[in-house]
Every structure is written in structure tokens, then in C-alpha cells.
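Reading through the C-alpha cells given below for one structure.
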Amino acid sequence: MNSYSKIATGALLLLSCLASAQKDEIGTEVVNVVKPYTPTISDAFKVKETPVLDEEATTRKENIEYQIFSFPVASTFAPSKGKAAGVDREPQPELYPHYATVAGGNYGTLNAELFLTGRLGESGYIGGMVRHLSSAGGIDEVRLEDGFNNSSVDITYGNKTDALSFTADVGYQNQGYNWYGLPSTILDNLTPADQTEFLARINPSHTFHNAYIGGNLKVNEGFFDEASVRYERFWDSEDVQENRFYAVPKLDFEIAETNIKMRFIVDHVSGNFPSSFNTQRDAYSFTNFGVQPGFTIVRDDWSVAVGAAAFYSLAGEGGDSKFFVYPQINASYNVVGDLMIFYAGAEGTLDQNSYRQFTTENPFLAPRQLVAPTDRQFDVFAGLKGKLAGRVSYNVRGSYISEQNRALIKANDFFPVASEDYEFGNSFGVVYDDMSTLSVFGEIQAEFSKNVSFGINGTFNSYNTDSQREAWNLPEMRVGATLDVTITPKWYAGADAFYVGERKDQQDYLGDTIGSPVVTLDPFVDLNAHIGYKHNERLTGFVRGHNLLGENYQRWLNYPVQGLQIMVGASYKFDF
């Protein structure tokens with residue numbers, strides 16, 4: 001049977017089956033539902049994290065021990081040692097214990113300094129300083145000798161150990177000046193011959209001397225902190241004599257976890273002056289005993305120092321002894337970290353005045369003055385200080401000061417029958433008055449880089465006097481600025497300038513001081529600069545210029561200063 005026959009047979013069988021299936025009929029059947037379906041939900045239960053084992057016994061955990069079988073392997077690798085990278089460091093400058101400086105300039109000016117120091121034993125040292133500054137004078141339109149000189153020598157011995165440190169000082173200073181500030185009106189009505197004769201009668205030269213000895217002791221353990229003591233002997237060529245002694249011990253201890261500081265003060269001054277007409281001697285003596293207790297509270301952003309000062313001034317030679325009490329309060333608050341700090345306070349003290357102090361401020365004083373302490377009742381102040389950009393710091397402060405018996409320097413009158421060299425209107429005196437001062441101070445210090453620094457400050461004052469017509473010779477405005485530049489490792493330069501506003505003074509030529517007009521001294525600007533060259537670590541040369549504007553301004557009434565001054569010098573460091 002071939003394939004076609006097989007296909008035909010299969011088809012016939014399929015057709016016959018389909019025909020027989022169509023002949024059967026589909027029957028019916030009845031289904032009885034006994035109960036309807038009602039589904040239920042069984043209770044849910046949580047599978048435990050640690051299932052309970054139903055076995056009667058569990059398998060015991062076997063301990064498995066691991067062992068490492070090591071054996072050496074031959075190797076030819078040899079690591080090299082590490083080497084730190086080199087850092088280029090600038091060589092430290094060699095420090096020399098001694099130096100000498102010499103400079104000279106116009107007006108016959110000579111400036112010299114010598115400093116020597118050395119070690120004594122394991123913890124001691126000794127040092128000495130010699131200074132000299134002099135000028136031959138030569139100020140324009142000055143008819144009397146106007147030169148000056150200032151020489152001093154200071155010796156210091158110190159010793160420092162773990163327990164304490166102390167220093168001892170001794171020194172001497174000699175100063176020479178001239179009362180060259182004659183009022184111009186004195187010579188106006190004199191002939192040239194009479195002027196020459198008149199000037200020949202005046203010997204304006206006078207000399208100051210000061211010798212001192214003192215020391216300081218610092219203790220590192222215990223309640224005793226430190227102490228300072230000093231004695232000065234001051235005299236001049238006009239037979240003035242003055243003694244000054246002061247001692248200041250300090251204590252530092254704790255009470256109930258609060259740090260307490262105590263400061264004790266003993267300040268004595270006494271002296272005598274010759275009378276203007278050599279008929280009597282005027283003497284003075286004041287001894288001030290003071291104590292200043294205080295404590296400080298420090299918290300996160302603020303601190304407060306609370307204290308007080310009490311003084312008893314024992315007066316001699318006919319003076320009045322008095323008792324004084326002053327506040328000593330200071331507080332600060334960090335408003336914005338170091339960027340802005342607010343501070344305020346109220347302070348007061350008893351200022352001891354001395355003739356030497358007055359001559360330091362004005363060397364043209366007459367050798368007969370009234371010396372008495374100043375009662376600085378209070379200085380109430382508030383301000384802001386801080387840093388800007390890390391390199392610029394600022395400080396702004398306002399204050400109100402009340403003083404009784406404030407010392408003011410005022411020009412002396414011209415005596416027609418003058419017999420002393422300082423009675424021709426060419427000297428100054430000290431007057432006292434109760435005075436209040438409203439002051440505003442501002443300062444900015446900037447370091448633009450490690451080679452350039454700049455600073456500027458200004459003070460503006462408003463004075464109110466009680467009996468005096470003016471606050472004599474006190475300016476209402478002072479402004480100063482400084483600039484320092486390191487140009488190269490060998491070259492450096494700097495400059496400073498200051499502006500002093502108008503001052504008031506008064507002088508009479510006919511004996512009627514009350515009716516004399518007030519004299520206004522013009523404001524002035526003084527500009528100074530210097531440039532230096534470091535030849536090596538030892539030798540440095542420099543050029544200094546003072547009063548570069550060449551202005552013969554009057555610092556005091558009838559006392560013009562030297563004009564443009566140029567000095568050239570060198571400094572040499574050395575070691576033995």
C-alpha cells in the first residue's frame with residue numbers, strides 16, 4: 001500500500017466516526033444543593049523569630065579549630081629605606097648680644113646708643129644701655145642759645161629660676177636745655193645796642209639730673225604674686241631737689257573658687273623749690289597709701305572684673321590729708337567672636353604728680369611750682385574692638401572723665417623787674433583746676449602682608465574747666481599714622497606723621513594776667529620717615545628725616561622747633 005492509499009483510508013475512518021457521534025443525544029440531570037457555602041477566616045498568628053523545636057533533643061554545636069601551617073619562602077626582594085622629602089628652610093638669623101648705633105645730622109645733632117649684655121651663672125644675666133642725643137641748635141629767628149642734650153646710663157641685673165625671678169635696676173640721666181622762648185614784643189621797642197645788652201643779661205641754660213634704683217620680684221607659687229619698688233632722686237641746676245619712692249606689692253589667691261587679686265600702693269613724693277626772689281624755700285610732701293582689691297568672673301562670651309580702689313593721701317608741709325574711694329569695674333562681651341567685642345567700664349584713681357614728671361612733659365618750666373596729686377574721680381568708657389579679615393584690627397572708644405585738681409601747664413608772665421633768667425616770659429608754670437573731658441578715640445591697625453603694616457589713630461576731646469579760662473595747652477584733636485615696609489630682605493622703610501590741633505595759652509607783659517587775651521597756637525603736622533639697608537647680619541645703615549615739611553611750628557608758646565632735619569647713621573651688632 002502506497003502513501004496515497006494510506007491517506008485515503010485514514011480520511012474514511014475519520015468521517016465515519018463523526019457521523020456516528022452526531023447520532024447520540026445529550027440527556028438532562030438534576031443536582032440538589034443540600035447547604036449553601038459559608039467561607040470562614042482562621043486566626044492569624046506571628047511566626048516567631050526563634051522557632052521552638054519540637055524534637056526531643058537538639059544537635060550539640062561542635063567547636064571548630066583552625067590552624068595555619070606556615071613555612072618560609074625564599075625571596076630576593078630587599079625593600080629600600082624611606083627618605084623624607086627635603087624642605088627648604090630659611091636660615092635662622094644669628095642673634096648678637098651687643099649693638100652700637102651712631103648717627104649725625106644737621107643742626108649739629110648727634111645720636112648714639114650702646115647696649116651690652118651677658119650671662120652670669122646658670123640663671124643670671126646683666127645688661128647695660130648708654131644713650132646720648134644732643135643738638136647745637138640754630139632755630140630760625142631765635143636770639144638765645146637753643147641747643148639741648150640728653151644722656152643716660154642704665155644697668156640691669158636679672159635672675160630667673162623655677163620658683164621666682166627678679167630684676168634690679170640702677171641708672172642716671174642728665175638733661176640740658178635752654179629757656180630760649182622770649183616773647184617777640186620784648187625787643188620791639190629796643191635799639192639794636194639795647195637788644196644786645198638785654199640779651200647778654202640772660203643765661204638761659206639749665207640742667208636736670210635724675211638717679212634711680214629699683215627692682216621687681218615675681219613669685220611663681222603661693223599667694224604672693226609680685227612686687228615692684230623704685231626710688232628716684234631728682235635735682236637741677238637751680239637748686240631744686242625732689243625725692244620719689246613707690247612700692248607696689250600684689251597678692252593673688254582664691255576664696256570659694258573665686259580668684260581674688262589685691263594690689264597695695266605706697267607712693268611718696270617730696271621736694272623743695274627756691275623762691276623767685278630767694279627769700280624762702282617752698283616745700284611739698286605727699287604720701288599716698290592705696291589698696292585695690294578685685295575679682296574676675298568669666299563665662300562663655302563675657303567677663304566682668306569688679307573691684308575698687310581706696311587711697312589715703314597723707315600731706316605734709318601745710319597740705320590737707322584726704323581719703324578717696326574709686327570704682328574699678330571692667331566688662332567685655334564677645335558679640336561676634338573676635339570680630340566684634342563690646343567693652344565698658346568705670347575707673348578712678350589718685351594720680352601722684354611730681355616736678356620731674358612736669359619737666360618731662362615740658363623742659364622749659366620755671367624752677368618754682370606747686371606740686372599736688374590729681375583726684376581722677378572717674379573715667380566712664382565704652383567701646384568696640386575686634387578684627388576684620390584676620391589682618392585688620394580696630395578699636396573705637398568713647399569716655400567721660402571727671403578730675404579735680406588737674407595739672408595744666410601755662411606760660412609765665414613777663415616781669416619788668418626780672419632778676420632770674422626764666423622770668424622774661426620764657427618759662428612755664430603749673431596751674432590746677434577741676435575739669436571734665438569728653439573724649440572719642442579711634443584706631444585701626446592693619447597688616448596687609450608680613451612685609452607691610454599700617455596704623456592710624458585719632459583722639460578728639462572737649463574740655464570743660466571750672467576756674468581757668470581754657471584747658472591750657474591741651475589740643476582738642478590728635479591724629480597719628482605709621483607705615484612700615486620691608487622692601488627686600490635687605491631694604492626696609494617706614495614713615496610716621498602726627499597732627500596736633502589748636503592749643504590755648506595766655507601771657508601778660510604788664511602784670512595784668514586776668515585781662516590778657518588768650519593766645520591760640522596754630523595746629524601743625526610733623527612728618528618723619530626713614531629708610532635702611534642691611535649690609536649683612538651685623539651692619540645696617542639708615543637715613544632718617546624729621547619734620548620733613550620744614551615747618552618751624554610752636555609746640556609751646558614762643559618756642560619754635562627745628563625745621564627739616566636729616567640724620568645719617570649705622571648700627572652694628574657684635575659679640576665678644
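Chain labels A, B, ... are given in the sequence in which chains occur in the C-alpha cells; within each chain residues are numbered consecutively from 1, and ligands are likewise numbered from 1 in the order shown.
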Pull the strand (DSSP E) assignments for stretch 221-381 of chain A out of DSSP run on the backbone, and list those residues as JSON, numbers by chain. {"A": [224, 225, 226, 227, 228, 229, 230, 231, 232, 233, 234, 235, 236, 241, 242, 243, 244, 245, 246, 247, 248, 249, 250, 251, 252, 253, 254, 255, 258, 259, 260, 261, 262, 263, 264, 265, 266, 267, 268, 269, 270, 271, 272, 273, 274, 281, 282, 283, 284, 285, 286, 287, 288, 289, 290, 291, 292, 293, 294, 295, 296, 297, 298, 302, 303, 304, 305, 306, 307, 308, 309, 310, 311, 312, 313, 314, 315, 316, 322, 323, 324, 325, 326, 327, 328, 329, 330, 331, 332, 333, 334, 335, 336, 340, 341, 342, 343, 344, 345, 346, 347, 348, 349, 350, 351, 374, 375, 376, 377, 378, 379, 380, 381]}
Shell around stretch 356-367 of chain A at 10 Å using only C-alpha atoms, local window under 6 positions removed, as a ChimeraX atom specification: /A:175-181,204,206-210,232-244,272-276,407-412,420-423,426-430,555-556,559
Which distance in Å separates atom CA of A:Ser270 and atom CA of A:Ala211, to one decimal? 15.3 Å
Got a sec: who's within 12 Å of A:Gly214, counting only C-alpha atoms, leaving out chain neighbours fewer than 6 positions off, as an NGL selection string? :A and (154-158 or 166-171 or 227-233 or 244-248)
